[in-house]
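These notes concern the structure reproduced below.
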Amino acid sequence: MGPIDYAVVEFPGNHMTGEGFPLLVELVERGIIRILDLMFIGKEEDGTVAGMEITDFTGDGALDLAVFQGASSGLLGHDDVQEAGAALEPGNSAGIIVYENLWAAPFVTALRRGGAQLVASGRIPVPAVLEALDLADEAGEPSPTT
């Protein structure tokens, strides 16, 4: 099994365009990730957090979210939903996704067979990476992307 990650993506004013869904489907179809849980929540003005049905958010009939119906492994519990909701501003909604990084599974399996153990992991926030790259560029240092 590959590493498991989660993400909570907030949609201010409950404005979901669905633009990212085809890309998410592509990641699944290409075997890069496997969606374990996918849930949408909304936070009312009074702070109440509730689940939302997966539907055609754009209302144009072109967004097929049926592929995500039933994506529920049980890893995402009530406490997780409440914690995600606490991070939201009232009147906003969010998507919560738990996914397996299938691309890493063979690598992780090989490491485990060799006796390796994961002792730390983390994620560097994108704004921090962009800031570091900008500072390196200003200093005239070569960028890892060039």
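Going by the structure tokens order, chains are called A, B, ..., each with residues numbered from 1, while ligands are numbered from 1 in the order shown.
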Long-range neighbours of Lys43 in chain A as a PDB file with N, CA and C atoms, in the first residue's frame, 9 Å cut-off, only C-alpha atoms, 3 positions minimum in chain:
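Ended up saving to selection02.pdb:
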ATOM      1  N   ASP A  46     -24.166  29.937  11.526  1.00  0.00           N
ATOM      2  CA  ASP A  46     -24.178  29.722  12.975  1.00  0.00           C
ATOM      3  C   ASP A  46     -23.069  28.770  13.427  1.00  0.00           C
ATOM      4  N   GLY A  47     -22.220  28.313  12.486  1.00  0.00           N
ATOM      5  CA  GLY A  47     -21.104  27.434  12.812  1.00  0.00           C
ATOM      6  C   GLY A  47     -21.405  25.956  12.688  1.00  0.00           C
ATOM      7  N   THR A  48     -22.637  25.592  12.384  1.00  0.00           N
ATOM      8  CA  THR A  48     -23.014  24.197  12.210  1.00  0.00           C
ATOM      9  C   THR A  48     -22.335  23.627  10.967  1.00  0.00           C
ATOM     10  N   VAL A  49     -21.752  22.448  11.108  1.00  0.00           N
ATOM     11  CA  VAL A  49     -21.083  21.767   9.994  1.00  0.00           C
ATOM     12  C   VAL A  49     -21.922  20.558   9.613  1.00  0.00           C
ATOM     13  N   ALA A  50     -22.216  20.427   8.325  1.00  0.00           N
ATOM     14  CA  ALA A  50     -23.019  19.297   7.849  1.00  0.00           C
ATOM     15  C   ALA A  50     -22.483  18.801   6.520  1.00  0.00           C
ATOM     16  N   GLY A  85     -14.324  21.147   9.552  1.00  0.00           N
ATOM     17  CA  GLY A  85     -15.302  22.220   9.612  1.00  0.00           C
ATOM     18  C   GLY A  85     -14.833  23.385  10.461  1.00  0.00           C
ATOM     19  N   ALA A  86     -14.068  23.096  11.508  1.00  0.00           N
ATOM     20  CA  ALA A  86     -13.545  24.157  12.369  1.00  0.00           C
ATOM     21  C   ALA A  86     -12.588  25.071  11.608  1.00  0.00           C
ATOM     22  N   LEU A  88     -13.015  25.981   8.522  1.00  0.00           N
ATOM     23  CA  LEU A  88     -13.771  26.736   7.521  1.00  0.00           C
ATOM     24  C   LEU A  88     -14.346  28.022   8.096  1.00  0.00           C
ATOM     25  N   GLU A  89     -14.485  29.000   7.228  1.00  0.00           N
ATOM     26  CA  GLU A  89     -15.206  30.217   7.574  1.00  0.00           C
ATOM     27  C   GLU A  89     -16.700  29.939   7.410  1.00  0.00           C
ATOM     28  N   PRO A  90     -17.542  30.541   8.258  1.00  0.00           N
ATOM     29  CA  PRO A  90     -18.988  30.363   8.099  1.00  0.00           C
ATOM     30  C   PRO A  90     -19.445  30.797   6.704  1.00  0.00           C
ATOM     31  N   GLY A  91     -20.386  30.039   6.143  1.00  0.00           N
ATOM     32  CA  GLY A  91     -20.904  30.332   4.809  1.00  0.00           C
ATOM     33  C   GLY A  91     -20.095  29.704   3.693  1.00  0.00           C
ATOM     34  N   ASN A  92     -19.040  28.967   4.042  1.00  0.00           N
ATOM     35  CA  ASN A  92     -18.203  28.321   3.035  1.00  0.00           C
ATOM     36  C   ASN A  92     -18.410  26.812   3.068  1.00  0.00           C
ATOM     37  N   SER A  93     -17.918  26.150   2.058  1.00  0.00           N
ATOM     38  CA  SER A  93     -17.982  24.694   1.996  1.00  0.00           C
ATOM     39  C   SER A  93     -16.587  24.161   1.704  1.00  0.00           C
ATOM     40  N   ALA A  94     -16.446  22.843   1.781  1.00  0.00           N
ATOM     41  CA  ALA A  94     -15.135  22.237   1.534  1.00  0.00           C
ATOM     42  C   ALA A  94     -15.308  20.825   1.014  1.00  0.00           C
TER      43      ALA A  94
END
When DSSP is applied to the backbone of this structure, which of chain A are assigned helix (DSSP H, G or I)? Write them out as a short mmCIF file (atom, residue, chain, number, x, y, z; two decimals) with N, CA, C and O atoms, in the first residue's frame.
data_model
loop_
_atom_site.label_atom_id
_atom_site.label_comp_id
_atom_site.auth_asym_id
_atom_site.auth_seq_id
_atom_site.Cartn_x
_atom_site.Cartn_y
_atom_site.Cartn_z
N PRO A 12 -14.83 29.33 -0.86
CA PRO A 12 -15.50 30.52 -0.30
C PRO A 12 -16.87 30.74 -0.94
O PRO A 12 -17.04 30.61 -2.15
N GLY A 13 -17.83 31.06 -0.09
CA GLY A 13 -19.18 31.33 -0.57
C GLY A 13 -19.86 30.14 -1.21
O GLY A 13 -20.79 30.29 -1.98
N ASN A 14 -19.38 28.93 -0.89
CA ASN A 14 -19.93 27.70 -1.47
C ASN A 14 -19.83 27.67 -2.99
O ASN A 14 -20.62 27.01 -3.66
N PHE A 21 -12.42 18.46 -10.90
CA PHE A 21 -12.89 17.07 -10.91
C PHE A 21 -12.37 16.24 -12.08
O PHE A 21 -11.95 15.10 -11.89
N PRO A 22 -12.36 16.76 -13.31
CA PRO A 22 -11.81 15.94 -14.39
C PRO A 22 -10.34 15.57 -14.17
O PRO A 22 -9.91 14.48 -14.52
N LEU A 23 -9.60 16.48 -13.55
CA LEU A 23 -8.19 16.19 -13.26
C LEU A 23 -8.07 15.12 -12.18
O LEU A 23 -7.19 14.25 -12.25
N LEU A 24 -8.96 15.16 -11.20
CA LEU A 24 -8.97 14.15 -10.16
C LEU A 24 -9.31 12.78 -10.76
O LEU A 24 -8.66 11.78 -10.46
N VAL A 25 -10.30 12.74 -11.63
CA VAL A 25 -10.66 11.50 -12.31
C VAL A 25 -9.47 10.98 -13.11
O VAL A 25 -9.17 9.78 -13.10
N GLU A 26 -8.76 11.86 -13.79
CA GLU A 26 -7.58 11.46 -14.58
C GLU A 26 -6.51 10.84 -13.70
O GLU A 26 -5.89 9.83 -14.07
N LEU A 27 -6.27 11.41 -12.52
CA LEU A 27 -5.28 10.86 -11.59
C LEU A 27 -5.66 9.44 -11.18
O LEU A 27 -4.80 8.55 -11.08
N VAL A 28 -6.95 9.22 -10.95
CA VAL A 28 -7.44 7.89 -10.59
C VAL A 28 -7.29 6.93 -11.77
O VAL A 28 -6.77 5.82 -11.63
N GLU A 29 -7.73 7.37 -12.95
CA GLU A 29 -7.68 6.50 -14.13
C GLU A 29 -6.26 6.13 -14.52
O GLU A 29 -6.01 5.04 -15.03
N ALA A 66 -20.66 10.95 -10.61
CA ALA A 66 -21.10 9.61 -10.22
C ALA A 66 -19.91 8.70 -9.92
O ALA A 66 -20.01 7.80 -9.09
N VAL A 67 -18.77 8.95 -10.57
CA VAL A 67 -17.59 8.13 -10.35
C VAL A 67 -17.13 8.20 -8.89
O VAL A 67 -16.49 7.30 -8.39
N PHE A 68 -17.50 9.26 -8.18
CA PHE A 68 -17.09 9.43 -6.79
C PHE A 68 -18.13 8.93 -5.80
O PHE A 68 -17.87 8.91 -4.60
N HIS A 78 -16.47 11.16 12.04
CA HIS A 78 -17.19 12.34 12.49
C HIS A 78 -16.24 13.39 13.07
O HIS A 78 -16.37 14.59 12.79
N ASP A 79 -15.27 12.96 13.89
CA ASP A 79 -14.33 13.90 14.48
C ASP A 79 -13.50 14.60 13.41
O ASP A 79 -13.21 15.80 13.53
N ASP A 80 -13.13 13.87 12.37
CA ASP A 80 -12.36 14.47 11.26
C ASP A 80 -13.18 15.53 10.55
O ASP A 80 -12.67 16.59 10.19
N VAL A 81 -14.46 15.24 10.34
CA VAL A 81 -15.35 16.18 9.67
C VAL A 81 -15.49 17.45 10.51
O VAL A 81 -15.43 18.57 10.00
N GLN A 82 -15.64 17.28 11.82
CA GLN A 82 -15.78 18.44 12.69
C GLN A 82 -14.49 19.26 12.73
O GLN A 82 -14.53 20.49 12.74
N GLU A 83 -13.35 18.58 12.73
CA GLU A 83 -12.07 19.29 12.72
C GLU A 83 -11.89 20.06 11.42
O GLU A 83 -11.44 21.21 11.42
N ALA A 84 -12.25 19.45 10.30
CA ALA A 84 -12.17 20.15 9.01
C ALA A 84 -13.12 21.33 9.01
O ALA A 84 -12.78 22.43 8.54
N GLY A 85 -14.32 21.15 9.55
CA GLY A 85 -15.30 22.22 9.61
C GLY A 85 -14.83 23.39 10.46
O GLY A 85 -15.14 24.55 10.16
N ALA A 86 -14.07 23.10 11.51
CA ALA A 86 -13.55 24.16 12.37
C ALA A 86 -12.59 25.07 11.61
O ALA A 86 -12.44 26.25 11.95
N LEU A 102 -0.81 5.71 -5.08
CA LEU A 102 -0.48 4.42 -5.71
C LEU A 102 0.89 4.44 -6.38
O LEU A 102 1.55 3.40 -6.43
N TRP A 103 1.29 5.58 -6.90
CA TRP A 103 2.59 5.68 -7.57
C TRP A 103 3.73 5.28 -6.65
O TRP A 103 4.76 4.79 -7.10
N ALA A 104 3.56 5.46 -5.34
CA ALA A 104 4.63 5.19 -4.39
C ALA A 104 4.62 3.76 -3.84
O ALA A 104 5.57 3.34 -3.20
N ALA A 105 3.53 3.02 -4.07
CA ALA A 105 3.38 1.70 -3.46
C ALA A 105 4.55 0.75 -3.78
O ALA A 105 5.09 0.12 -2.87
N PRO A 106 4.97 0.61 -5.06
CA PRO A 106 6.09 -0.30 -5.33
C PRO A 106 7.38 0.12 -4.63
O PRO A 106 8.13 -0.72 -4.12
N PHE A 107 7.63 1.42 -4.57
CA PHE A 107 8.82 1.95 -3.90
C PHE A 107 8.76 1.64 -2.40
O PHE A 107 9.73 1.14 -1.81
N VAL A 108 7.62 1.90 -1.78
CA VAL A 108 7.45 1.66 -0.35
C VAL A 108 7.59 0.17 -0.05
O VAL A 108 8.24 -0.23 0.92
N THR A 109 7.00 -0.68 -0.88
CA THR A 109 7.09 -2.13 -0.69
C THR A 109 8.54 -2.59 -0.75
O THR A 109 8.97 -3.39 0.08
N ALA A 110 9.29 -2.08 -1.72
CA ALA A 110 10.70 -2.45 -1.84
C ALA A 110 11.49 -2.03 -0.61
O ALA A 110 12.35 -2.77 -0.12
N LEU A 111 11.21 -0.84 -0.13
CA LEU A 111 11.91 -0.37 1.08
C LEU A 111 11.58 -1.25 2.28
O LEU A 111 12.47 -1.62 3.05
N ARG A 112 10.31 -1.60 2.45
CA ARG A 112 9.91 -2.44 3.58
C ARG A 112 10.55 -3.82 3.51
O ARG A 112 10.98 -4.38 4.51
N ARG A 113 10.61 -4.39 2.29
CA ARG A 113 11.26 -5.69 2.11
C ARG A 113 12.72 -5.62 2.53
O ARG A 113 13.28 -6.59 3.03
N VAL A 126 3.04 24.88 -0.37
CA VAL A 126 3.38 25.48 -1.66
C VAL A 126 3.82 26.94 -1.52
O VAL A 126 4.83 27.33 -2.13
N PRO A 127 3.14 27.77 -0.73
CA PRO A 127 3.61 29.16 -0.60
C PRO A 127 5.05 29.26 -0.09
O PRO A 127 5.81 30.12 -0.52
N ALA A 128 5.45 28.35 0.81
CA ALA A 128 6.82 28.36 1.32
C ALA A 128 7.81 28.00 0.23
O ALA A 128 8.90 28.58 0.13
N VAL A 129 7.46 27.04 -0.61
CA VAL A 129 8.33 26.64 -1.73
C VAL A 129 8.47 27.80 -2.72
O VAL A 129 9.58 28.13 -3.15
N LEU A 130 7.35 28.42 -3.07
CA LEU A 130 7.39 29.54 -4.02
C LEU A 130 8.22 30.69 -3.48
O LEU A 130 9.00 31.31 -4.22
N GLU A 131 8.08 30.98 -2.19
CA GLU A 131 8.86 32.05 -1.57
C GLU A 131 10.35 31.73 -1.62
O GLU A 131 11.17 32.60 -1.95
N ALA A 132 10.71 30.49 -1.30
CA ALA A 132 12.12 30.09 -1.33
C ALA A 132 12.68 30.18 -2.75
O ALA A 132 13.82 30.62 -2.95
N LEU A 133 11.89 29.76 -3.74
CA LEU A 133 12.34 29.84 -5.13
C LEU A 133 12.51 31.30 -5.57
O LEU A 133 13.47 31.63 -6.27
N ASP A 134 11.58 32.16 -5.14
CA ASP A 134 11.70 33.58 -5.47
C ASP A 134 12.95 34.18 -4.85
O ASP A 134 13.67 34.96 -5.50
N LEU A 135 13.24 33.84 -3.60
CA LEU A 135 14.43 34.36 -2.93
C LEU A 135 15.70 33.86 -3.61
O LEU A 135 16.65 34.61 -3.78
N ALA A 136 15.71 32.59 -4.01
CA ALA A 136 16.87 32.04 -4.70
C ALA A 136 17.05 32.72 -6.05
O ALA A 136 18.19 33.01 -6.45
N ASP A 137 15.95 33.00 -6.74
CA ASP A 137 16.01 33.68 -8.03
C ASP A 137 16.57 35.09 -7.88
O ASP A 137 17.40 35.53 -8.66
N GLU A 138 16.11 35.79 -6.85
CA GLU A 138 16.61 37.15 -6.59
C GLU A 138 18.10 37.15 -6.25
O GLU A 138 18.81 38.09 -6.58
#
Give the strand (DSSP E or B) residues of chain A, as DSSP finds them on the backbone, and put them as number ranges by chain. A: 4-11, 33-43, 49-52, 72, 93-101
With a distance cut-off of 10 Å and only C-alpha atoms, select the neighbouring residues of Ser73 in chain A, excluding the residue or stretch itself and same-chain residues fewer than 2 positions from it, and output the selection as a PyMOL selection string. chain A and resi 35-38+70-71+75-77+98
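For the set A:Ile33, A:Gly95, A:Arg123, A:Met52, the residue with the smallest atom-to-atom gap to Ile4 in chain A is A:Ile33, counting only C-alpha atoms.
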Kindly give the distance, in Å, that separates CA of Ala87 in chain A and CA of Glu44 in chain A, rounded to a single decimal. 12.8 Å
Quick one: residues within 12 Å of Ser121 in chain A, only C-alpha atoms, excluding same-chain residues fewer than 2 positions away - as a list in words? Pro3, Ile4, Asp5, Gln117, Leu118, Val119, Arg123 and Ile124 of chain A
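One finds CA of Pro125 in chain A at 22.7 Å from CA of Phe40 in chain A.
The shortest atom-to-atom distance to Gly2 in chain A, with only C-alpha atoms taken into account, belongs to A:Ile32 out of A:Ile32, A:Met39, A:Ala116, A:Met16.
With only C-alpha atoms as the basis for measurement, A:Tyr6 is the residue among A:Arg34, A:Tyr6, A:Gly42, A:Glu141 that approaches Gly122 in chain A most closely.
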Atomic separation - CA of Arg30 in chain A relative to CA of Gly74 in chain A, Å: 24.0 Å
